[in-house]
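Okay, start_30.pdb now, which holds PDB, C-alpha atoms, pLDDT in the B column:
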```pdb
ATOM      1  CA  MET A1466     -11.681   1.160 -12.331  1.00 78.00           C
ATOM      2  CA  GLU A1467     -11.779  -1.474  -9.582  1.00 81.00           C
ATOM      3  CA  PHE A1468      -9.037  -2.439  -7.121  1.00 81.00           C
ATOM      4  CA  LYS A1469      -8.732  -4.908  -4.304  1.00 84.00           C
ATOM      5  CA  ILE A1470      -6.067  -4.705  -1.595  1.00 85.00           C
ATOM      6  CA  GLU A1471      -5.990  -7.874   0.484  1.00 84.00           C
ATOM      7  CA  TYR A1472      -4.146  -8.565   3.705  1.00 85.00           C
ATOM      8  CA  GLU A1473      -3.427 -12.148   2.629  1.00 86.00           C
ATOM      9  CA  LYS A1474      -1.648 -10.971  -0.531  1.00 88.00           C
ATOM     10  CA  ILE A1475       0.291  -8.109   1.055  1.00 88.00           C
ATOM     11  CA  MET A1476       1.621 -10.023   4.085  1.00 88.00           C
ATOM     12  CA  PRO A1477       3.869 -12.512   2.203  1.00 90.00           C
ATOM     13  CA  ILE A1478       5.580  -9.597   0.446  1.00 91.00           C
ATOM     14  CA  VAL A1479       5.982  -7.727   3.737  1.00 90.00           C
ATOM     15  CA  GLU A1480       7.347 -10.777   5.567  1.00 88.00           C
ATOM     16  CA  GLU A1481       9.874 -11.406   2.780  1.00 89.00           C
ATOM     17  CA  GLU A1482      11.100  -7.794   2.963  1.00 89.00           C
ATOM     18  CA  VAL A1483      11.346  -7.900   6.763  1.00 86.00           C
ATOM     19  CA  SER A1484      13.278 -11.160   6.543  1.00 84.00           C
ATOM     20  CA  ARG A1485      15.627  -9.682   3.941  1.00 84.00           C
ATOM     21  CA  GLU A1486      16.238  -6.536   6.027  1.00 82.00           C
ATOM     22  CA  GLY A1487      16.796  -8.666   9.125  1.00 77.00           C
ATOM     23  CA  ALA A1488      19.328 -10.851   7.340  1.00 75.00           C
ATOM     24  CA  GLN A1489      21.202  -7.794   6.044  1.00 74.00           C
ATOM     25  CA  ALA A1490      21.258  -6.244   9.522  1.00 69.00           C
ATOM     26  CA  TYR A1491      22.494  -9.524  11.004  1.00 66.00           C
ATOM     27  CA  SER A1492      25.372  -9.772   8.556  1.00 62.00           C
ATOM     28  CA  ALA A1493      26.395  -6.094   8.651  1.00 58.00           C
ATOM     29  CA  ASP A1494      29.492  -5.436  10.770  1.00 58.00           C
ATOM     30  CA  GLY A1495      28.708  -8.301  13.125  1.00 58.00           C
ATOM     31  CA  VAL A1496      25.823  -6.357  14.676  1.00 57.00           C
ATOM     32  CA  SER A1497      22.983  -8.607  15.777  1.00 56.00           C
ATOM     33  CA  LEU A1498      19.819  -6.614  15.074  1.00 54.00           C
ATOM     34  CA  TYR A1499      17.935  -9.577  13.640  1.00 51.00           C
ATOM     35  CA  ASP A1500      15.859 -10.189  16.768  1.00 55.00           C
ATOM     36  CA  GLY A1501      14.808  -6.547  16.841  1.00 60.00           C
ATOM     37  CA  ILE A1502      13.594  -6.617  13.244  1.00 70.00           C
ATOM     38  CA  ARG A1503      11.980  -9.968  12.539  1.00 68.00           C
ATOM     39  CA  MET A1504       8.249 -10.594  12.815  1.00 72.00           C
ATOM     40  CA  ILE A1505       7.113 -12.915  15.566  1.00 68.00           C
ATOM     41  CA  SER A1506       3.781 -14.481  16.420  1.00 69.00           C
ATOM     42  CA  ARG A1507       3.039 -11.765  18.996  1.00 73.00           C
ATOM     43  CA  ASP A1508       3.016  -9.218  16.173  1.00 75.00           C
ATOM     44  CA  GLU A1509      -0.182 -10.589  14.609  1.00 79.00           C
ATOM     45  CA  GLU A1510      -2.478  -7.980  16.193  1.00 82.00           C
ATOM     46  CA  LYS A1511       0.042  -5.254  15.411  1.00 84.00           C
ATOM     47  CA  LYS A1512       0.121  -6.357  11.765  1.00 85.00           C
ATOM     48  CA  LYS A1513      -3.665  -6.133  11.493  1.00 85.00           C
ATOM     49  CA  ARG A1514      -3.692  -2.704  13.133  1.00 86.00           C
ATOM     50  CA  LEU A1515      -0.932  -1.427  10.843  1.00 88.00           C
ATOM     51  CA  MET A1516      -2.722  -2.787   7.774  1.00 87.00           C
ATOM     52  CA  SER A1517      -5.874  -0.982   8.850  1.00 85.00           C
ATOM     53  CA  GLU A1518      -3.897   2.280   9.087  1.00 87.00           C
ATOM     54  CA  VAL A1519      -2.354   1.667   5.663  1.00 88.00           C
ATOM     55  CA  LEU A1520      -5.764   1.121   4.076  1.00 86.00           C
ATOM     56  CA  VAL A1521      -7.067   4.345   5.592  1.00 85.00           C
ATOM     57  CA  SER A1522      -4.077   6.207   4.136  1.00 88.00           C
ATOM     58  CA  ILE A1523      -4.688   4.737   0.692  1.00 87.00           C
ATOM     59  CA  ARG A1524      -8.384   5.515   0.896  1.00 85.00           C
ATOM     60  CA  THR A1525      -7.703   9.168   1.739  1.00 85.00           C
ATOM     61  CA  LEU A1526      -5.228   9.437  -1.147  1.00 85.00           C
ATOM     62  CA  CYS A1527      -7.915   8.720  -3.731  1.00 82.00           C
ATOM     63  CA  ASN A1528     -11.022   9.727  -1.742  1.00 80.00           C
ATOM     64  CA  ARG A1529     -12.122  12.259  -4.342  1.00 80.00           C
ATOM     65  CA  LEU A1530     -12.507   9.571  -6.995  1.00 79.00           C
ATOM     66  CA  ILE A1531     -13.993   6.732  -4.930  1.00 77.00           C
ATOM     67  CA  ARG A1532     -17.417   5.588  -6.102  1.00 73.00           C
ATOM     68  CA  HIS A1533     -17.789   2.542  -3.832  1.00 71.00           C
ATOM     69  CA  VAL A1534     -15.794   0.937  -1.002  1.00 72.00           C
ATOM     70  CA  ALA A1535     -16.447  -2.488   0.474  1.00 73.00           C
ATOM     71  CA  ILE A1536     -14.787  -4.052   3.485  1.00 68.00           C
ATOM     72  CA  ILE A1537     -13.773  -7.644   2.848  1.00 66.00           C
ATOM     73  CA  GLY A1538     -14.003 -10.111   5.691  1.00 59.00           C
ATOM     74  CA  ASP A1539     -15.460  -9.802   9.164  1.00 56.00           C
ATOM     75  CA  GLU A1540     -17.363  -6.523   9.384  1.00 54.00           C
ATOM     76  CA  SER A1541     -17.752  -6.817  13.172  1.00 55.00           C
ATOM     77  CA  ASP A1542     -14.009  -6.336  13.509  1.00 57.00           C
ATOM     78  CA  GLU A1543     -13.069  -2.663  13.847  1.00 59.00           C
ATOM     79  CA  GLU A1544      -9.814  -3.184  11.963  1.00 60.00           C
ATOM     80  CA  GLN A1545     -10.172  -3.297   8.195  1.00 66.00           C
ATOM     81  CA  THR A1546      -7.531  -5.645   6.850  1.00 72.00           C
ATOM     82  CA  SER A1547      -8.739  -5.878   3.264  1.00 77.00           C
ATOM     83  CA  PHE A1548     -10.986  -3.813   1.083  1.00 79.00           C
ATOM     84  CA  TYR A1549     -12.287  -3.353  -2.417  1.00 81.00           C
ATOM     85  CA  PHE A1550     -12.780   0.052  -3.947  1.00 80.00           C
ATOM     86  CA  ASP A1551     -14.130   1.331  -7.222  1.00 80.00           C
ATOM     87  CA  LEU A1552     -12.771   4.577  -8.650  1.00 81.00           C
ATOM     88  CA  GLU A1553     -14.955   6.769 -10.820  1.00 81.00           C
ATOM     89  CA  MET A1554     -12.725   8.176 -13.527  1.00 79.00           C
ATOM     90  CA  SER A1555     -13.470   9.731 -16.888  1.00 78.00           C
ATOM     91  CA  PRO A1556     -12.378   7.758 -19.969  1.00 78.00           C
ATOM     92  CA  ARG A1557      -9.609  10.289 -20.672  1.00 75.00           C
ATOM     93  CA  ARG A1558      -8.316  10.005 -17.136  1.00 76.00           C
ATOM     94  CA  GLU A1559      -8.587   6.203 -16.989  1.00 77.00           C
ATOM     95  CA  ALA A1560      -7.023   5.382 -20.377  1.00 77.00           C
ATOM     96  CA  GLY A1561      -4.246   2.803 -20.035  1.00 78.00           C
ATOM     97  CA  LYS A1562      -3.644   3.241 -16.296  1.00 81.00           C
ATOM     98  CA  GLY A1563      -5.424   0.246 -14.750  1.00 79.00           C
ATOM     99  CA  GLU A1564      -2.528  -2.203 -14.355  1.00 83.00           C
ATOM    100  CA  SER A1565      -0.063   0.523 -13.416  1.00 86.00           C
ATOM    101  CA  LEU A1566      -2.326   1.802 -10.665  1.00 86.00           C
ATOM    102  CA  LYS A1567      -2.962  -1.703  -9.301  1.00 87.00           C
ATOM    103  CA  THR A1568       0.784  -2.331  -9.058  1.00 90.00           C
ATOM    104  CA  LEU A1569       1.399   1.070  -7.496  1.00 91.00           C
ATOM    105  CA  PHE A1570      -1.367   0.629  -4.903  1.00 91.00           C
ATOM    106  CA  ARG A1571       0.104  -2.748  -3.900  1.00 91.00           C
ATOM    107  CA  SER A1572       3.597  -1.240  -3.710  1.00 93.00           C
ATOM    108  CA  LEU A1573       2.281   1.684  -1.663  1.00 93.00           C
ATOM    109  CA  ALA A1574       0.527  -0.673   0.758  1.00 92.00           C
ATOM    110  CA  VAL A1575       3.742  -2.669   1.259  1.00 94.00           C
ATOM    111  CA  ASN A1576       5.959   0.411   1.663  1.00 95.00           C
ATOM    112  CA  LEU A1577       3.586   2.153   4.078  1.00 94.00           C
ATOM    113  CA  PHE A1578       3.235  -1.032   6.109  1.00 93.00           C
ATOM    114  CA  LEU A1579       7.010  -1.512   6.301  1.00 93.00           C
ATOM    115  CA  ASN A1580       7.511   2.133   7.233  1.00 94.00           C
ATOM    116  CA  LYS A1581       5.037   1.859  10.102  1.00 93.00           C
ATOM    117  CA  TYR A1582       6.370  -1.539  11.202  1.00 90.00           C
ATOM    118  CA  PHE A1583      10.015  -0.462  11.344  1.00 89.00           C
ATOM    119  CA  ALA A1584       9.067   2.792  13.070  1.00 90.00           C
ATOM    120  CA  SER A1585       7.278   0.743  15.739  1.00 87.00           C
ATOM    121  CA  LYS A1586      10.462  -1.330  16.170  1.00 84.00           C
ATOM    122  CA  ASN A1587      12.582   1.847  16.528  1.00 85.00           C
ATOM    123  CA  GLN A1588      14.496   1.098  13.331  1.00 84.00           C
ATOM    124  CA  VAL A1589      14.656   4.691  12.103  1.00 87.00           C
ATOM    125  CA  ASP A1590      16.958   4.064   9.120  1.00 88.00           C
ATOM    126  CA  LEU A1591      14.767   1.300   7.739  1.00 88.00           C
ATOM    127  CA  ALA A1592      11.587   3.293   8.403  1.00 90.00           C
ATOM    128  CA  SER A1593      12.952   6.295   6.499  1.00 93.00           C
ATOM    129  CA  LYS A1594      14.002   4.044   3.598  1.00 93.00           C
ATOM    130  CA  TYR A1595      10.455   2.745   3.158  1.00 93.00           C
ATOM    131  CA  ASP A1596       8.981   6.200   3.826  1.00 94.00           C
ATOM    132  CA  ALA A1597      10.909   7.550   0.842  1.00 95.00           C
ATOM    133  CA  ALA A1598       9.676   4.646  -1.308  1.00 95.00           C
ATOM    134  CA  ALA A1599       6.079   5.245  -0.168  1.00 94.00           C
ATOM    135  CA  LEU A1600       6.391   8.952  -0.962  1.00 94.00           C
ATOM    136  CA  ALA A1601       7.542   8.129  -4.492  1.00 95.00           C
ATOM    137  CA  ASP A1602       4.555   5.784  -4.885  1.00 94.00           C
ATOM    138  CA  VAL A1603       2.150   8.477  -3.623  1.00 92.00           C
ATOM    139  CA  GLN A1604       3.528  11.037  -6.076  1.00 93.00           C
ATOM    140  CA  THR A1605       3.265   8.625  -8.991  1.00 92.00           C
ATOM    141  CA  ILE A1606      -0.274   7.554  -8.043  1.00 89.00           C
ATOM    142  CA  ALA A1607      -1.393  11.178  -7.690  1.00 88.00           C
ATOM    143  CA  LYS A1608       0.070  11.991 -11.093  1.00 88.00           C
ATOM    144  CA  LEU A1609      -1.693   9.028 -12.710  1.00 87.00           C
ATOM    145  CA  LEU A1610      -5.017   9.656 -10.961  1.00 83.00           C
ATOM    146  CA  TYR A1611      -5.281  13.315 -11.916  1.00 81.00           C
ATOM    147  CA  GLU A1612      -3.558  13.334 -15.306  1.00 81.00           C
ATOM    148  CA  LYS A1613      -5.677  13.314 -18.466  1.00 76.00           C
ATOM    149  CA  LEU A1614      -4.803  12.282 -21.965  1.00 73.00           C
ATOM    150  CA  PRO A1615      -4.988  15.133 -24.468  1.00 75.00           C
ATOM    151  CA  PRO A1616      -8.316  15.389 -26.284  1.00 75.00           C
ATOM    152  CA  VAL A1617      -8.670  13.738 -29.672  1.00 76.00           C
ATOM    153  CA  TYR A1618     -10.337  15.908 -32.250  1.00 82.00           C
ATOM    154  CA  PRO A1619     -11.897  14.531 -35.441  1.00 82.00           C
ATOM    155  CA  ALA A1620      -9.821  15.073 -38.555  1.00 82.00           C
ATOM    156  CA  ILE A1621     -11.027  17.859 -40.797  1.00 81.00           C
ATOM    157  CA  VAL A1622     -11.115  16.732 -44.385  1.00 72.00           C
TER
END
```
Let me see the file written as structure tokens.
Amino acid sequence: MEFKIEYEKIMPIVEEEVSREGAQAYSADGVSLYDGIRMISRDEEKKKRLMSEVLVSIRTLCNRLIRHVAIIGDESDEEQTSFYFDLEMSPRREAGKGESLKTLFRSLAVNLFLNKYFASKNQVDLASKYDAAALADVQTIAKLLYEKLPPVYPAIV
């Protein structure tokens, strides 16, 4: 089972969520937190560093099943912003889980990134919100990765 998590595909989702949270904070009770939440051009290096941390977390989650990992992009850069990995799963374990796992890995990457980003901006409430979402994703991924379908026995005639 092959997956690809790319920085270029995760960032638009992250930026939309940050914008949405910033707009909600700006409109709530007249409190102007928008400037403390929104992403600015100076955050580009921080975004790459956070994405690298997120990818390491995802890699350790399924490390037992990884057959092959490839870094996508500039290998001279220490920060991995995108990677491809191939999971080695038995047919019983893999049955019907491919699309679900791809969606969950993308969701986990977004939630972990947002958790780390808001924690770095000292927005504890928002960080805990996305931490809870990431935890739910981790539990679901672990269940799907290690769950097997029941065996199918030939019918006795």
Query - Nearest to A:Lys1613 by atom-to-atom distance, counting all atoms listed in the file, from A:Ala1560, A:Leu1530, A:Ile1523, A:Ile1502 - result: A:Ala1560
Counting only C-alpha atoms, which residues of stretch 1502-1524 of chain A fall within 8 Å of stretch 1561-1585 of chain A, and what is the closest atom pair for each with its distance in Å at one decimal, ordered by chain and rising number, as JSON lines?
```
{"residue": "A:Ile1502", "atom": "CA", "partner": "A:Phe1583", "partner_atom": "CA", "distance": 7.4}
{"residue": "A:Lys1512", "atom": "CA", "partner": "A:Tyr1582", "partner_atom": "CA", "distance": 7.9}
{"residue": "A:Leu1515", "atom": "CA", "partner": "A:Phe1578", "partner_atom": "CA", "distance": 6.3}
{"residue": "A:Met1516", "atom": "CA", "partner": "A:Phe1578", "partner_atom": "CA", "distance": 6.4}
{"residue": "A:Val1519", "atom": "CA", "partner": "A:Ala1574", "partner_atom": "CA", "distance": 6.2}
{"residue": "A:Leu1520", "atom": "CA", "partner": "A:Ala1574", "partner_atom": "CA", "distance": 7.3}
{"residue": "A:Ile1523", "atom": "CA", "partner": "A:Ala1574", "partner_atom": "CA", "distance": 7.5}
```
Return as a CSV table (one decimal) with C-alpha atoms, in the frame of the given file the set of residues that the PyMOL selection byres ((chain A and resi 1532-1534) around 6) yields on the displayed structure.
```
chain,number,residue,atom,x,y,z
A,1531,ILE,CA,-14.0,6.7,-4.9
A,1535,ALA,CA,-16.4,-2.5,0.5
A,1549,TYR,CA,-12.3,-3.4,-2.4
A,1550,PHE,CA,-12.8,0.1,-3.9
A,1551,ASP,CA,-14.1,1.3,-7.2
A,1552,LEU,CA,-12.8,4.6,-8.6
A,1553,GLU,CA,-15.0,6.8,-10.8
```
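We find atom CA of A:Ser1555 and atom CA of A:Leu1526 to be spaced 17.8 Å apart.
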Requested in this report: Please identify all polymer residues lying at most 12 Å from the point (-2.0, -9.7, 14.0) (file coordinates), using all atoms listed in the file, and present the result as a list in words.
Outcome: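 In the file's frame, the residues around the point are Tyr1472, Glu1473, Met1476, Met1504, Ile1505, Ser1506, Arg1507, Asp1508, Glu1509, Glu1510, Lys1511, Lys1512, Lys1513, Arg1514, Leu1515, Met1516, Ser1517, Glu1544, Gln1545 and Thr1546 of chain A.
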**Report entry** Pairwise distance for atom CA of A:Leu1609 and atom CA of A:Ala1597, rounded to one decimal in Å
**Finding:**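 The value is 18.6 Å.
Considering only C-alpha atoms, the residue among A:Ser1522, A:Lys1594, A:Lys1586, A:Glu1559 positioned nearest to A:Tyr1611 is A:Glu1559.
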**Report entry** Among listed residues A:Val1483, A:Ala1599, A:Leu1610, A:Ile1621, nearest A:Asn1528 (using only C-alpha atoms)
**Finding:**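 For A:Asn1528, the nearest of the given residues is A:Leu1610.
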Report task. Would you mind telling me which residue in A:Ile1475, A:Glu1467, A:Pro1556, A:Glu1482 lies nearest to A:Tyr1595 when using all atoms listed in the file? Result ->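 Of the candidates, the smallest distance to A:Tyr1595 is held by A:Glu1482.
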Query - Explicit residues for the PyMOL selection byres ((chain A and resi 1614) around 8) (as a PyMOL selection string) - result: chain A and resi 1557-1558+1560+1612-1613+1615-1616
Requested in this report: Report the distance between atom CA of A:Glu1471 and atom CA of A:Glu1486 in Å, rounded to one decimal place.
Outcome: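 Separation of atom CA of A:Glu1471 and atom CA of A:Glu1486: 22.9 Å.
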